[in-house]
Each structure stands twice: as C-alpha cells, then as structure tokens.
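Comments concern the structure below.
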2 protein chains.
Amino acid sequence: MRLIVARCEIAYSGRLATHLAEAIRLLMIKADGTVMVWSDSGGQRVRPQNWMSPPTVIEEHGQPLERLVVRKLRGEEQLEIRVAEVLSDALHEMGPPIEVPALQKDGEERDLQELLAERPQCCGEGFRLVRREWPTDIGPVDLMCRDEAGAWIAVEIKRLATIEAVEQLTRYLERLKHDPALADCRGVLAAQSFKPQARVLAEARGLRCVEIDLQALRGDRAPELQLFAA
Amino acid sequence: MRLIVARCEIAYSGRLATHLAEAIRLLMIKADGTVMVWSDSGGQRVRPQNWMSPPTVIEEHGQPLERLVVRKLRGEEQLEIRVAEVLSDALHEMGPPIEVPALQKDGEERDLQELLAERPQCCGEGFRLVRREWPTDIGPVDLMCRDEAGAWIAVEIKRLATIEAVEQLTRYLERLKHDPALADCRGVLAAQSFKPQARVLAEARGLRCVEIDLQALRGDRAPELQLFAA
DNA sequence: GTCTTTATTTCGATT
DNA sequence: AATCGAAGTAAAGAC
C-alpha cells in the first residue's frame with residue numbers, strides 16, 4: 001500500500017463529474033489497484049472524497065510526483081490528480097493477499113433469516129416453513145409458512161423494520177393474492193427492532209409485527225415470542 | 001491524520017459483531033475522530049474492514065502501542081484493536097478544516113430534473129411544463145405538465161427507476177386525483193435506466209416509462225460539455 | 001455474466 | 001433530533 005500526503009487538485013469524470021480545489025489530502029493506493037482520496041476533516045468521514053475501484057490503470061508523471069492519472073480499465077472513467085507538493089510518500093509491504101483473513105460477521109439479516117427458517121414457530125404459533133425465498137415476479141418472499149389450520153403466511157424479515165418494510169410486505173401480499181390458492185394469505189413482519197411508524201402502519205394494514213430476540217433465538221432455550229397487539 | 005501500519009487483531013461489537021484475525025493492516029485516525037481499518041487487499045476495496053464514525057473516544061494503551069479501544073460517545077459500540085507489532089506510525093498535519101474545499105458535483109438527479117424542466121417534450125410528445133416541484137401534502141411532484149389536449153401528467157424523475165419510484169409516483173397520483181380538476185392526471189416515470197421489476201409494476205399500474213439519454217439531453221443544450229467524444 | 005438486495009450502508013436536506 | 005431520499009452508492013448472493 002502506498003500512502004501519499006500531498007497538496008493537490010482533483011478532477012473526476014465518469015458516472016458524474018466532480019472537482020476538488022487544491023488542498024492537502026491523503027492519496028491511498030492499494031495493492032489491488034484501488035485509489036482513494038481522503039481529507040482529514042470536512043464533509044465525508046467514512047467515505048473517500050474521490051476514488052476508483054479496480055481494475056485500474058495508474059499513470060504517474062514527474063519526479064517528484066506532479067500528476068497522477070487513474071483510469072478504469074473498461075469504461076469511460078478517469079481520476080486526474082494534479083500534485084502541487086508532496087509532503088510524504090511511503091510504500092508499505094503488508095503481506096500477500098492469501099494471508100489476509102476475511103471479516104467474520106454475525107448478526108446480519110441473513111443470519112436472522114437462517115435462524116427463523118429453522119424455527120418458523122418464532123414468527124407465529126404453529127407455523128411450519130413451506131419455502132424460504134418464495135419467488136414472485138416482484139421479488140422473493142423471505143419465508144412462506146402455513147399455520148396449524150393450513151392458512152398461508154408470508155413473512156418478511158428485517159433487522160430494523162421501517163415503513164418501507166411494511167410497503168414491501170404489502171406489495172408481496174397484493175401480488176400473492178392474485179393466486180386464488182393464496183387469497184387468504186396473511187402477513188407477518190419479523191424484525192429485531194421496529195420504527196414506531198412502521199408498527200403503526202403495519203397494524204393499520206392488518207399485518208402482525210413480531211419482535212425477534214437474536215440472542216434468544218440463537219440460544220438453545222425456547223425463544224421468547226413477543227407479539228404486538230393487532 | 002494519524003496513519004499506523006500494524007499487525008493487529010480486531011473485534012467490533014455494536015450494530016452487529018465482527019472479528020478480524022491477526023494480520024497487517026492500516027489504521028487510519030482522522031482529525032474528526034473517525035477511525036478506519038484497511039487491508040491492502042482482500043474483499044473490501046473502497047470500504048474499510050472496520051470503522052467507527054465520530055463522535056468517538058479513543059483510548060490508547062502501551063508504549064509502544066499495544067491496544068487501541070475506540071468507543072462511540074453515545075451508544076454501545078466498541079472497536080477493540082490488539083496490536084501485535086507496529087510497522088509504522090506517522091502523524092500528518094493536513095491543515096485546518098476551514099481550508100478543506102467541498103466536493104463539486106455535476107450530473108446528479110437534480111441536474112436531470114433541471115434539464116427535463118427545460119425540455120418537457122422529452123417526457124412525452126407535446127408536453128408543456130406547468131410547474132416544477134408541484135406541491136402535494138406528501139411531497140413535491142418533480143414535474144407537472146399538460147399535453148396538447150390539455151390533459152395533466154405528473155412526471156417523476158429518477159436516475160435509476162426502481163420499484164420504489166413506481167410506488168412514489170403512484171402515491172402522488174392517488175393524492176392528485178382527489179382534486180377533481182386533476183382526476184384525469186396520468187403518470188410518467190422518466191429515468192436514465194429502469195429496473196425490470198420497476199417496468200413490470202409501472203405497466204401494471206398504467207404508468208408510462210420514458211428512458212432519458214442524459215448525454216443527448218445535455219448535448220442538445222451545450223455540446224461542449226461532453227467529456228468523452230463518441 | 002446479469003440482476004437483486006443488503007449495508008455497522010453513508011450522507012445530506014428537511015421537518 | 002428524527003425522518004426521508006439519494007448515492008460515482010459498494011458488495012454479496014442468486015440465477
């Protein structure tokens with residue numbers, strides 16, 4: 001990885017056009033060809049001010065560095081950096097890619113869906129899983145279940161249930177009910193947490209909200225089932 | 001900005017939980033309190049492997065550095081970095097925040113709206129603009145037009161039209177039609193590109209989809225602004 | 001490859 | 001402060 005601290009001016013053109021007036025910035029050039037531009041403070045905090053992702057071709061001009069042109073291998077994107085002054089320029093050897101361990105994540109929506117697919121009864125008493133990712137022509141329903149009476153239930157799973165999740169589930173139900181066999185299909189929104197507005201809208205539409213406790217679900221003990229009154 | 005290259009192991013807990021096994025990484029600590037963790041190669045390219053945005057409290061232990069704990073000022077998030085070996089540790093003065101120039105952008109949705117407002121006929125033959133940002137109590141309609149016969153058309157503009165754009169336009173139309181004068185109002189979705197699902201839903205609801213060529217639109221007005229020759 | 005959805009989305013604007 | 005919508009979204013997964 002090469003880290004350059006420089007006073008520079010930057011122009012990007014591609015998906016849109018941007019311009020950055022001259023200032024001191026960090027230029028980060030990764031081994032995989034990624035180029036990023038960072039300022040120490042200002043608007044962008046966790047995102048670079050400018051960047052280009054691989055595959056890139058990097059042209060370097062001047063000794064010391066005067067100009068850096070980054071081009072996308074395929075496509076009409078270009079990042080042009082005019083360097084007025086180099087304050088630091090260091091190359092760091094950070095080991096072969098093979099030795100880079102992957103990030104282990106736990107607690108994403110996928111984990112939640114997997115756990116609920118294993119224990120559909122957490123979404124409602126007596127629920128049995130019929131299919132995960134039930135296809136419709138406007139996207140897949142997370143879980144399709146039937147209850148003890150054989151009635152259908154479409155389950156939408158979110159980490160955080162927003163008003164948008166309610167809309168999504170509503171669309172699915174609207175679509176599913178076109179099939180006479182699913183005309184009685186109900187909707188359940190299962191999430192770790194709910195925005196107040198989402199809860200209100202869901203209830204107004206006759207959708208049930210089920211708050212999921214990931215820890216309880218993951219534990220061996222019988223998970224608690226907490227329902228909001230409908 | 002402080003840049004540390006170190007062999008380290010990292011654990012994050014907060015919105016979810018992650019773990020990174022020991023490897024050489026860049027630790028980037030910005031003046032605004034942002035902390036980011038970067039690997040030279042691997043999965044994440046333009047996004048850090050781990051991060052915490054301000055406001056943060058950073059605890060530093062050991063001389064040389066052995067442990068770095070980053071906590072969110074308000075909230076239950078924590079990033080713990082166990083440092084096995086420091087390969088480089090440099091502090092860079094990058095000037096006061098006031099001198100950091102903002103990013104100038106051109107080519108966003110707003111630009112598209114401006115261009116279409118100048119040329120409403122691109123959204124449909126004979127369209128005349130009545131008003132841009134026509135107010136409703138659920139938000140403004142991008143363009144309100146009338147055709148040669150005097151019929152009303154609500155135009156929703158997107159760079160990329162998704163199913164959500166169809167929902168938005170549907171809501172506007174439902175709202176507008178409460179006014180008897182606008183009871184015949186039609187809907188047009190204008191976008192640079194369309195998701196297939198958005199097309200399906202739009203057609204099912206009787207909305208017309210119009211694909212906009214930004215280059216052509218802009219070329220009509222100011223050909224010299226074209227960056228890449230065809 | 002294409003297409004779709006998620007994200008510790010981030011980010012800015014508006015209420 | 002909370003909400004809403006856009007992003008050069010990026011990146012992972014399904015088909």
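In the structure tokens, the first chain shown is A, the next is B, and so on; residue numbers restart at 1 for each chain, and ligands run from 1 in the order shown.
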
Q) Cα-based RMSD, chain B fitted onto chain A, all atoms paired in sequence order: value? A) 4.8 Å

Q. Mind listing as a PyMOL selection string which residues of chain B are within 8 Å of chain D, counting only C-alpha atoms (C1' of nucleotides)?
A. chain B and resi 44+46-47

Q: Tell me, as JSON, numbers by chain, which residues lie within 9 Å of B:Arg128, counting only C-alpha atoms (C1' of nucleotides); anything in the same chain fewer than 6 positions away does not count.
A: {"B": [119, 120, 121, 144, 145, 146, 147, 148]}

N, CA, C and O atoms of the current selection, written as a PDB file, in the first residue's frame:
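So selection_30.pdb came out as:
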```pdb
ATOM      1  N   ARG B 119     -36.867  20.895 -21.126  1.00  0.00           N
ATOM      2  CA  ARG B 119     -37.349  20.179 -22.313  1.00  0.00           C
ATOM      3  C   ARG B 119     -38.388  19.130 -21.946  1.00  0.00           C
ATOM      4  O   ARG B 119     -38.135  17.925 -22.084  1.00  0.00           O
ATOM      5  N   PRO B 120     -39.548  19.558 -21.501  1.00  0.00           N
ATOM      6  CA  PRO B 120     -40.575  18.608 -21.071  1.00  0.00           C
ATOM      7  C   PRO B 120     -41.053  17.698 -22.198  1.00  0.00           C
ATOM      8  O   PRO B 120     -41.547  16.597 -21.932  1.00  0.00           O
ATOM      9  N   GLN B 121     -40.875  18.127 -23.431  1.00  0.00           N
ATOM     10  CA  GLN B 121     -41.320  17.302 -24.557  1.00  0.00           C
ATOM     11  C   GLN B 121     -40.534  15.990 -24.641  1.00  0.00           C
ATOM     12  O   GLN B 121     -40.937  15.052 -25.311  1.00  0.00           O
ATOM     13  N   MET B 144     -44.980  18.882 -13.274  1.00  0.00           N
ATOM     14  CA  MET B 144     -46.388  18.781 -13.661  1.00  0.00           C
ATOM     15  C   MET B 144     -46.524  19.378 -15.041  1.00  0.00           C
ATOM     16  O   MET B 144     -46.129  20.533 -15.267  1.00  0.00           O
ATOM     17  N   CYS B 145     -47.062  18.563 -15.967  1.00  0.00           N
ATOM     18  CA  CYS B 145     -47.163  19.001 -17.358  1.00  0.00           C
ATOM     19  C   CYS B 145     -48.598  18.854 -17.847  1.00  0.00           C
ATOM     20  O   CYS B 145     -49.446  18.241 -17.189  1.00  0.00           O
ATOM     21  N   ARG B 146     -48.856  19.422 -19.019  1.00  0.00           N
ATOM     22  CA  ARG B 146     -50.107  19.185 -19.730  1.00  0.00           C
ATOM     23  C   ARG B 146     -49.739  18.864 -21.171  1.00  0.00           C
ATOM     24  O   ARG B 146     -48.752  19.383 -21.709  1.00  0.00           O
ATOM     25  N   ASP B 147     -50.531  17.993 -21.783  1.00  0.00           N
ATOM     26  CA  ASP B 147     -50.247  17.656 -23.180  1.00  0.00           C
ATOM     27  C   ASP B 147     -51.046  18.576 -24.106  1.00  0.00           C
ATOM     28  O   ASP B 147     -51.686  19.520 -23.643  1.00  0.00           O
ATOM     29  N   GLU B 148     -50.986  18.272 -25.405  1.00  0.00           N
ATOM     30  CA  GLU B 148     -51.626  19.155 -26.394  1.00  0.00           C
ATOM     31  C   GLU B 148     -53.129  19.247 -26.191  1.00  0.00           C
ATOM     32  O   GLU B 148     -53.750  20.256 -26.518  1.00  0.00           O
TER      33      GLU B 148
END
```

Could you build a table of the residues in chain B lying no more than 7 Å from chain A, giving for each the nearest pair of atoms and their separation in Å rounded to one decimal place, using only C-alpha atoms, ordered by chain and ascending residue number, as CSV?
```
residue,atom,partner,partner_atom,distance
B:Met1,CA,A:Asp40,CA,5.8
B:Leu16,CA,A:Gly107,CA,5.1
B:Ala17,CA,A:Asp106,CA,5.3
B:Thr18,CA,A:Lys105,CA,4.5
B:His19,CA,A:Gln104,CA,5.2
B:Leu20,CA,A:Leu103,CA,5.3
B:Ala21,CA,A:Pro101,CA,6.0
B:Ala23,CA,A:Val100,CA,6.3
B:Ile24,CA,A:Met94,CA,5.5
B:Arg25,CA,A:Met94,CA,6.9
B:Lys30,CA,A:Asp40,CA,5.4
B:Ala31,CA,A:Asp40,CA,5.7
B:Asp32,CA,A:Ser41,CA,5.8
B:Thr34,CA,A:Arg45,CA,6.5
B:Asp40,CA,A:Lys30,CA,5.3
B:Ser41,CA,A:Pro97,CA,5.6
B:Gly42,CA,A:Pro97,CA,6.2
B:Arg45,CA,A:Thr34,CA,6.5
B:Val46,CA,A:Ser53,CA,6.7
B:Ser53,CA,A:Val46,CA,6.7
B:Met94,CA,A:Ile24,CA,5.5
B:Gly95,CA,A:Ile24,CA,6.9
B:Pro97,CA,A:Ser41,CA,5.6
B:Val100,CA,A:Ala23,CA,6.3
B:Pro101,CA,A:Ala21,CA,5.9
B:Ala102,CA,A:Leu20,CA,6.8
B:Leu103,CA,A:Leu20,CA,5.3
B:Gln104,CA,A:His19,CA,5.1
B:Lys105,CA,A:Thr18,CA,4.5
B:Asp106,CA,A:Ala17,CA,5.2
B:Gly107,CA,A:Leu16,CA,4.8
B:Gln197,CA,A:Ile138,CA,5.8
```

Q: Pick out each residue of stretch 130-222 of chain A that DSSP on the backbone tags as strand (DSSP E or B); I need them as a VMD selection string.
A: chain A and resid 130 to 134 137 139 141 to 146 152 to 161 186 to 194 208 to 211

Just C-alpha atoms for this one: save the residues we selected as a compact mmCIF listing (two decimals), in the first residue's frame.
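Contents of part_16.txt, as written:
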```
# COMPACT_ATOMS: atom_id res chain seq x y z
CA VAL A 130 -43.09 -24.20 3.31
CA ARG A 131 -40.34 -22.38 1.49
CA ARG A 132 -37.60 -19.87 2.03
CA GLU A 133 -37.25 -17.17 -0.65
CA TRP A 134 -40.67 -17.88 -2.21
CA ASP A 137 -42.32 -11.55 -10.10
CA GLY A 139 -39.07 -10.33 -5.72
CA VAL A 141 -40.83 -13.53 -0.05
CA ASP A 142 -38.40 -14.29 2.79
CA LEU A 143 -40.43 -17.12 4.33
CA MET A 144 -43.70 -18.71 3.24
CA CYS A 145 -45.37 -20.61 6.06
CA ARG A 146 -48.64 -22.30 6.91
CA TRP A 152 -50.78 -19.22 4.43
CA ILE A 153 -48.49 -16.60 5.96
CA ALA A 154 -45.89 -14.50 4.16
CA VAL A 155 -43.05 -13.49 6.48
CA GLU A 156 -40.83 -10.50 5.74
CA ILE A 157 -37.64 -10.35 7.79
CA LYS A 158 -35.67 -7.23 8.60
CA ARG A 159 -33.03 -6.25 11.09
CA LEU A 160 -34.74 -2.92 11.51
CA ALA A 161 -38.35 -2.73 10.33
CA ARG A 186 -51.67 -13.16 5.91
CA GLY A 187 -48.54 -11.11 6.50
CA VAL A 188 -46.01 -11.13 9.33
CA LEU A 189 -43.19 -8.64 9.72
CA ALA A 190 -40.37 -10.10 11.81
CA ALA A 191 -37.56 -7.83 12.97
CA GLN A 192 -35.06 -7.22 15.74
CA SER A 193 -36.48 -3.75 16.19
CA PHE A 194 -39.31 -1.64 14.84
CA ARG A 208 -48.58 -8.70 12.51
CA CYS A 209 -45.29 -7.47 13.97
CA VAL A 210 -43.04 -9.97 15.70
CA GLU A 211 -40.01 -8.73 17.57
```

Q: Starting from chain C, keep only residues with some atom at most 10 Å from an atom of chain A, counting only C-alpha atoms (C1' of nucleotides), and report them as a PyMOL selection string.
A: chain C and resi 4-8+10-12

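Atom CA of B:Ala202 is found 23.2 Å from atom CA of A:Thr162.
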